[in-house]
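Data file: work13.pdb. Format and content: PDB, C-alpha atoms, pLDDT in the B column.
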```pdb
ATOM      1  CA  MET A1443    -171.856 -54.566 -38.053  1.00 42.00           C
ATOM      2  CA  ASN A1444    -175.104 -55.831 -39.583  1.00 46.00           C
ATOM      3  CA  GLU A1445    -175.061 -54.982 -43.269  1.00 58.00           C
ATOM      4  CA  ASN A1446    -172.535 -53.288 -45.543  1.00 89.00           C
ATOM      5  CA  LEU A1447    -173.011 -52.402 -49.170  1.00 93.00           C
ATOM      6  CA  ILE A1448    -170.400 -53.670 -51.617  1.00 95.00           C
ATOM      7  CA  GLU A1449    -169.585 -51.502 -54.643  1.00 94.00           C
ATOM      8  CA  SER A1450    -166.263 -52.782 -56.045  1.00 94.00           C
ATOM      9  CA  TRP A1451    -164.481 -56.071 -56.702  1.00 94.00           C
ATOM     10  CA  ALA A1452    -161.895 -55.176 -54.054  1.00 94.00           C
ATOM     11  CA  GLU A1453    -164.650 -54.683 -51.455  1.00 95.00           C
ATOM     12  CA  HIS A1454    -166.253 -57.927 -52.614  1.00 95.00           C
ATOM     13  CA  TYR A1455    -162.998 -59.866 -52.164  1.00 95.00           C
ATOM     14  CA  ASP A1456    -162.410 -58.332 -48.722  1.00 95.00           C
ATOM     15  CA  ALA A1457    -165.945 -59.272 -47.660  1.00 95.00           C
ATOM     16  CA  PHE A1458    -165.490 -62.793 -49.071  1.00 95.00           C
ATOM     17  CA  THR A1459    -162.300 -63.360 -47.065  1.00 95.00           C
ATOM     18  CA  GLN A1460    -164.006 -61.964 -43.967  1.00 95.00           C
ATOM     19  CA  VAL A1461    -166.929 -64.391 -44.307  1.00 96.00           C
ATOM     20  CA  LEU A1462    -164.634 -67.326 -45.155  1.00 96.00           C
ATOM     21  CA  THR A1463    -162.352 -66.623 -42.206  1.00 95.00           C
ATOM     22  CA  GLY A1464    -165.321 -66.268 -39.855  1.00 93.00           C
ATOM     23  CA  ALA A1465    -166.945 -69.561 -40.880  1.00 94.00           C
ATOM     24  CA  GLU A1466    -167.097 -72.092 -38.071  1.00 93.00           C
ATOM     25  CA  ARG A1467    -169.327 -74.926 -39.285  1.00 93.00           C
ATOM     26  CA  ARG A1468    -171.100 -74.353 -42.559  1.00 95.00           C
ATOM     27  CA  ILE A1469    -170.302 -72.791 -45.919  1.00 97.00           C
ATOM     28  CA  CYS A1470    -172.803 -72.658 -48.770  1.00 97.00           C
ATOM     29  CA  VAL A1471    -172.003 -71.107 -52.141  1.00 96.00           C
ATOM     30  CA  LEU A1472    -174.373 -70.291 -54.978  1.00 94.00           C
ATOM     31  CA  ASP A1473    -172.338 -69.089 -57.934  1.00 91.00           C
ATOM     32  CA  ASP A1474    -171.951 -69.310 -61.673  1.00 87.00           C
ATOM     33  CA  ASP A1475    -168.505 -70.953 -61.714  1.00 85.00           C
ATOM     34  CA  LEU A1476    -166.449 -69.607 -58.736  1.00 89.00           C
ATOM     35  CA  THR A1477    -164.219 -67.421 -60.948  1.00 86.00           C
ATOM     36  CA  ARG A1478    -165.078 -64.150 -59.177  1.00 87.00           C
ATOM     37  CA  LEU A1479    -164.881 -65.343 -55.567  1.00 89.00           C
ATOM     38  CA  GLY A1480    -161.138 -65.654 -55.075  1.00 88.00           C
ATOM     39  CA  LEU A1481    -161.354 -69.160 -53.713  1.00 90.00           C
ATOM     40  CA  HIS A1482    -158.457 -70.169 -55.960  1.00 89.00           C
ATOM     41  CA  GLN A1483    -156.014 -68.159 -53.817  1.00 92.00           C
ATOM     42  CA  PRO A1484    -153.781 -70.488 -51.742  1.00 94.00           C
ATOM     43  CA  GLU A1485    -154.516 -68.695 -48.467  1.00 95.00           C
ATOM     44  CA  ASN A1486    -158.269 -69.111 -48.977  1.00 95.00           C
ATOM     45  CA  VAL A1487    -157.947 -72.795 -49.849  1.00 95.00           C
ATOM     46  CA  GLU A1488    -155.907 -73.214 -46.661  1.00 96.00           C
ATOM     47  CA  ILE A1489    -158.670 -71.592 -44.595  1.00 95.00           C
ATOM     48  CA  LEU A1490    -161.170 -73.980 -46.177  1.00 95.00           C
ATOM     49  CA  ARG A1491    -158.840 -76.931 -45.514  1.00 95.00           C
ATOM     50  CA  LEU A1492    -158.491 -76.006 -41.840  1.00 94.00           C
ATOM     51  CA  LEU A1493    -162.266 -75.726 -41.506  1.00 95.00           C
ATOM     52  CA  LEU A1494    -162.678 -79.194 -43.038  1.00 95.00           C
ATOM     53  CA  LEU A1495    -159.861 -80.594 -40.896  1.00 92.00           C
ATOM     54  CA  ASN A1496    -161.705 -79.588 -37.731  1.00 85.00           C
ATOM     55  CA  HIS A1497    -164.712 -81.387 -39.127  1.00 72.00           C
ATOM     56  CA  PHE A1498    -167.072 -81.760 -36.177  1.00 81.00           C
ATOM     57  CA  GLY A1499    -170.407 -80.736 -37.699  1.00 86.00           C
ATOM     58  CA  VAL A1500    -168.798 -79.071 -40.747  1.00 93.00           C
ATOM     59  CA  SER A1501    -170.588 -78.902 -44.089  1.00 95.00           C
ATOM     60  CA  VAL A1502    -169.277 -77.220 -47.258  1.00 96.00           C
ATOM     61  CA  ARG A1503    -171.609 -77.156 -50.266  1.00 97.00           C
ATOM     62  CA  PHE A1504    -171.213 -75.393 -53.600  1.00 96.00           C
ATOM     63  CA  ALA A1505    -174.117 -75.026 -56.036  1.00 94.00           C
ATOM     64  CA  LEU A1506    -172.677 -73.995 -59.419  1.00 92.00           C
ATOM     65  CA  ARG A1507    -174.092 -73.443 -62.873  1.00 88.00           C
ATOM     66  CA  ASP A1508    -170.890 -74.449 -64.635  1.00 87.00           C
ATOM     67  CA  ALA A1509    -168.103 -76.619 -63.257  1.00 88.00           C
ATOM     68  CA  SER A1510    -166.525 -77.523 -66.600  1.00 85.00           C
ATOM     69  CA  HIS A1511    -163.325 -75.572 -65.922  1.00 85.00           C
ATOM     70  CA  LEU A1512    -163.172 -76.072 -62.162  1.00 87.00           C
ATOM     71  CA  ARG A1513    -160.339 -78.620 -62.300  1.00 86.00           C
ATOM     72  CA  GLU A1514    -158.184 -76.130 -64.251  1.00 88.00           C
ATOM     73  CA  THR A1515    -159.167 -72.896 -62.482  1.00 88.00           C
ATOM     74  CA  HIS A1516    -159.309 -74.276 -58.926  1.00 91.00           C
ATOM     75  CA  PRO A1517    -156.897 -77.245 -58.830  1.00 91.00           C
ATOM     76  CA  ARG A1518    -156.248 -76.754 -55.106  1.00 92.00           C
ATOM     77  CA  LEU A1519    -159.870 -77.658 -54.357  1.00 93.00           C
ATOM     78  CA  MET A1520    -159.545 -81.129 -55.890  1.00 93.00           C
ATOM     79  CA  PRO A1521    -157.469 -82.661 -53.055  1.00 93.00           C
ATOM     80  CA  LEU A1522    -159.970 -81.239 -50.561  1.00 94.00           C
ATOM     81  CA  LEU A1523    -162.843 -82.862 -52.452  1.00 94.00           C
ATOM     82  CA  ARG A1524    -160.973 -86.183 -52.504  1.00 92.00           C
ATOM     83  CA  THR A1525    -159.997 -86.116 -48.827  1.00 93.00           C
ATOM     84  CA  TYR A1526    -163.116 -84.526 -47.362  1.00 94.00           C
ATOM     85  CA  GLY A1527    -165.754 -85.802 -49.803  1.00 91.00           C
ATOM     86  CA  HIS A1528    -167.975 -86.706 -46.870  1.00 92.00           C
ATOM     87  CA  LEU A1529    -168.066 -83.018 -45.821  1.00 95.00           C
ATOM     88  CA  PHE A1530    -167.459 -81.097 -49.054  1.00 95.00           C
ATOM     89  CA  HIS A1531    -169.902 -81.386 -51.976  1.00 96.00           C
ATOM     90  CA  ILE A1532    -170.267 -79.649 -55.314  1.00 95.00           C
ATOM     91  CA  ARG A1533    -173.433 -79.932 -57.363  1.00 95.00           C
ATOM     92  CA  VAL A1534    -173.954 -78.508 -60.831  1.00 93.00           C
ATOM     93  CA  PHE A1535    -177.252 -76.916 -61.837  1.00 90.00           C
ATOM     94  CA  PRO A1536    -176.907 -76.005 -65.563  1.00 83.00           C
ATOM     95  CA  ASP A1537    -180.275 -74.249 -65.806  1.00 83.00           C
ATOM     96  CA  LEU A1538    -180.152 -72.508 -62.464  1.00 75.00           C
ATOM     97  CA  PHE A1539    -179.260 -68.993 -63.547  1.00 68.00           C
ATOM     98  CA  ALA A1540    -182.063 -68.808 -66.082  1.00 69.00           C
ATOM     99  CA  GLU A1541    -184.225 -67.819 -63.125  1.00 70.00           C
ATOM    100  CA  THR A1542    -181.770 -65.946 -60.901  1.00 72.00           C
ATOM    101  CA  ARG A1543    -178.816 -63.636 -61.492  1.00 82.00           C
ATOM    102  CA  GLU A1544    -177.666 -63.354 -57.900  1.00 88.00           C
ATOM    103  CA  SER A1545    -174.806 -65.149 -56.256  1.00 91.00           C
ATOM    104  CA  PHE A1546    -174.076 -65.677 -52.610  1.00 93.00           C
ATOM    105  CA  PHE A1547    -171.481 -66.997 -50.204  1.00 96.00           C
ATOM    106  CA  LEU A1548    -172.980 -68.048 -46.873  1.00 97.00           C
ATOM    107  CA  ALA A1549    -171.370 -69.021 -43.592  1.00 96.00           C
ATOM    108  CA  ASP A1550    -173.043 -70.565 -40.588  1.00 94.00           C
ATOM    109  CA  SER A1551    -176.554 -69.132 -40.168  1.00 91.00           C
ATOM    110  CA  GLU A1552    -175.857 -65.445 -39.679  1.00 94.00           C
ATOM    111  CA  ARG A1553    -173.488 -64.398 -42.469  1.00 95.00           C
ATOM    112  CA  ALA A1554    -174.078 -63.786 -46.148  1.00 96.00           C
ATOM    113  CA  LEU A1555    -172.150 -62.135 -48.937  1.00 96.00           C
ATOM    114  CA  VAL A1556    -174.658 -61.416 -51.691  1.00 95.00           C
ATOM    115  CA  ARG A1557    -173.887 -60.250 -55.211  1.00 94.00           C
ATOM    116  CA  PHE A1558    -177.006 -58.920 -56.911  1.00 92.00           C
ATOM    117  CA  ASP A1559    -175.792 -59.750 -60.419  1.00 88.00           C
ATOM    118  CA  LEU A1560    -173.290 -62.358 -61.582  1.00 82.00           C
ATOM    119  CA  GLU A1561    -171.334 -59.877 -63.689  1.00 85.00           C
ATOM    120  CA  LEU A1562    -171.161 -56.978 -61.227  1.00 88.00           C
ATOM    121  CA  PRO A1563    -169.560 -56.606 -57.791  1.00 89.00           C
ATOM    122  CA  ARG A1564    -172.514 -54.679 -56.359  1.00 93.00           C
ATOM    123  CA  GLY A1565    -173.971 -56.456 -53.370  1.00 95.00           C
ATOM    124  CA  LYS A1566    -174.117 -56.560 -49.606  1.00 96.00           C
ATOM    125  CA  LEU A1567    -172.452 -58.209 -46.652  1.00 96.00           C
ATOM    126  CA  VAL A1568    -174.658 -59.429 -43.828  1.00 96.00           C
ATOM    127  CA  TRP A1569    -172.686 -60.112 -40.657  1.00 93.00           C
ATOM    128  CA  ASP A1570    -173.964 -61.596 -37.401  1.00 92.00           C
ATOM    129  CA  ASN A1571    -177.603 -61.120 -38.369  1.00 94.00           C
ATOM    130  CA  ALA A1572    -179.431 -64.426 -38.753  1.00 94.00           C
ATOM    131  CA  ARG A1573    -182.726 -62.704 -39.581  1.00 95.00           C
ATOM    132  CA  GLU A1574    -181.197 -60.803 -42.531  1.00 94.00           C
ATOM    133  CA  ALA A1575    -179.236 -63.827 -43.736  1.00 95.00           C
ATOM    134  CA  ALA A1576    -182.116 -66.311 -43.404  1.00 96.00           C
ATOM    135  CA  PRO A1577    -183.725 -65.730 -46.849  1.00 95.00           C
ATOM    136  CA  TYR A1578    -180.426 -66.532 -48.580  1.00 95.00           C
ATOM    137  CA  HIS A1579    -179.912 -69.665 -46.514  1.00 96.00           C
ATOM    138  CA  LEU A1580    -183.468 -70.785 -47.252  1.00 96.00           C
ATOM    139  CA  ARG A1581    -183.012 -70.119 -50.965  1.00 93.00           C
ATOM    140  CA  PHE A1582    -179.808 -72.146 -50.971  1.00 94.00           C
ATOM    141  CA  GLU A1583    -181.553 -75.091 -49.294  1.00 95.00           C
ATOM    142  CA  GLU A1584    -184.340 -74.938 -51.898  1.00 93.00           C
ATOM    143  CA  ILE A1585    -181.787 -75.013 -54.717  1.00 92.00           C
ATOM    144  CA  TRP A1586    -179.747 -77.781 -53.089  1.00 94.00           C
ATOM    145  CA  GLU A1587    -182.802 -80.055 -53.115  1.00 93.00           C
ATOM    146  CA  MET A1588    -183.324 -79.622 -56.873  1.00 90.00           C
ATOM    147  CA  PRO A1589    -182.057 -82.298 -59.292  1.00 89.00           C
ATOM    148  CA  ALA A1590    -178.388 -81.715 -60.090  1.00 91.00           C
ATOM    149  CA  GLN A1591    -175.215 -83.249 -61.439  1.00 90.00           C
ATOM    150  CA  ILE A1592    -172.641 -84.300 -58.860  1.00 90.00           C
ATOM    151  CA  PHE A1593    -169.165 -82.877 -59.466  1.00 91.00           C
ATOM    152  CA  LEU A1594    -166.330 -85.342 -58.879  1.00 86.00           C
ATOM    153  CA  PRO A1595    -162.714 -84.229 -58.347  1.00 85.00           C
ATOM    154  CA  ASP A1596    -161.408 -86.771 -60.846  1.00 77.00           C
ATOM    155  CA  THR A1597    -162.590 -87.578 -64.326  1.00 69.00           C
ATOM    156  CA  LEU A1598    -163.731 -91.132 -64.813  1.00 62.00           C
ATOM    157  CA  GLY A1599    -162.595 -93.066 -67.802  1.00 56.00           C
ATOM    158  CA  LEU A1600    -161.929 -96.501 -69.145  1.00 51.00           C
TER     159      LEU A1600
END
```

What is this file in structure tokens?
Amino acid sequence: MNENLIESWAEHYDAFTQVLTGAERRICVLDDDLTRLGLHQPENVEILRLLLLNHFGVSVRFALRDASHLRETHPRLMPLLRTYGHLFHIRVFPDLFAETRESFFLADSERALVRFDLELPRGKLVWDNAREAAPYHLRFEEIWEMPAQIFLPDTLGL
């Protein structure tokens, strides 16, 4: 399987879980605020936890436009950020989606789940095809190097 078109939210969720489950070393996410991915589901958080637990060479990075509600909508991610903060990073890019409307979930170097528009499920799944997935991985790396706010799992106060 090289590339499959995604037309519905159900297909998108199935493709997301397939990419998440198949991840071995690296996950990169470019998304508005994670609400559409399904990462809040306990079984998906557990898959992410197991990946981080077997941490040899693992890197998990999320580039989000808005993380203001992340503590409330994805509370299960906060312990992972606390425990595996050396492997798991979230950066916030408030102005990012002024220039792009796409979202993607990437795993390793050969998998990509791409949503062409933030509001719609329409997209594609690239599986075991590093050449097809490469532009999305390169775009993520470009974004990751831009100035951003660091998201912390706990609020700081006096």

Work out how far apart CA of Val1568 in chain A and CA of Ile1489 in chain A are and give it in Å to one decimal. 20.1 Å

Using all atoms listed in the file, determine which residues lie at most 9 Å from range 1482-1486 of chain A, disregarding the query and same-chain residues fewer than 2 positions distant; provide the list as a VMD selection string. chain A and resid 1459 1462 to 1463 1476 to 1477 1479 to 1480 1488 to 1491 1515 to 1519

Would you mind telling me which residue in A:His1511, A:Arg1573, A:Arg1543, A:His1454 lies nearest to Phe1558 in chain A when using all atoms listed in the file?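 Among A:His1511, A:Arg1573, A:Arg1543, A:His1454, it is A:Arg1543 that comes nearest to Phe1558 in chain A.
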
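When CA of Trp1569 in chain A is paired with CA of Arg1478 in chain A, their separation reads 20.4 Å.
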
For Gly1565 in chain A, the nearest of the candidates A:Glu1552, A:Glu1587, A:Phe1547, A:Pro1577, counting all atoms listed in the file: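 The closest residue to Gly1565 in chain A is A:Phe1547.
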
A:Arg1468, A:Arg1507, A:Arg1553, A:His1528 ranked by distance to Asn1571 in chain A, top pick (using all atoms listed in the file):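 Of all the options, A:Arg1553 lies closest to Asn1571 in chain A.
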
Report the residues retrieved by the PyMOL selection byres ((chain A and resi 1559) around 10) from the displayed file, expressed as a VMD selection string. chain A and resid 1542 to 1546 1556 to 1558 1560 to 1565

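Between Ala1590 in chain A and the candidates A:Lys1566, A:His1531, A:Leu1548, A:Ala1576, the tightest atom-to-atom separation, counting all atoms listed in the file, involves A:His1531.
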
Kindly indicate which residue among A:Leu1529, A:Ala1509, A:Ala1549, A:Ala1572 lies nearest to Gln1460 in chain A, using only C-alpha atoms for the distances.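 Ranked by minimum distance to Gln1460 in chain A, first place goes to A:Ala1549.
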
I want to know what sits within 10 Å of Met1520 in chain A, based on all atoms listed in the file, with residues of the same chain fewer than 6 positions away left out; could you give that as a list in words? Leu1512, Arg1513, Glu1514, Tyr1526, Gly1527, Leu1594, Pro1595 and Asp1596 of chain A

Between CA of Ala1452 in chain A and CA of Asp1537 in chain A, what is the distance, to one decimal in Å?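 Going from CA of Ala1452 in chain A over to CA of Asp1537 in chain A, I get 29.0 Å.
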
Let me make sure I understand: among A:Glu1583, A:Phe1535, A:Glu1574, A:Leu1555, which one has the smallest atom-to-atom distance to Leu1447 in chain A if we use only C-alpha atoms?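 Once distances to Leu1447 in chain A are computed over only C-alpha atoms, the minimum belongs to A:Leu1555.
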
Could you tell me which residues the PyMOL selection byres ((chain A and resi 1498) around 12) returns for this structure, as a PyMOL selection string? chain A and resi 1466-1468+1492-1497+1499-1501+1528-1529

Edge lengths and centre in Å to one decimal, as AutoDock Vina command-line options, is what I'm after for the box along x, y and z that holds all listed atoms of range 1561-1576 of chain A once 4 Å is added on each side.
```
--center_x -176.1 --center_y -60.5 --center_z -50.5 --size_x 21.2 --size_y 19.6 --size_z 34.3
```
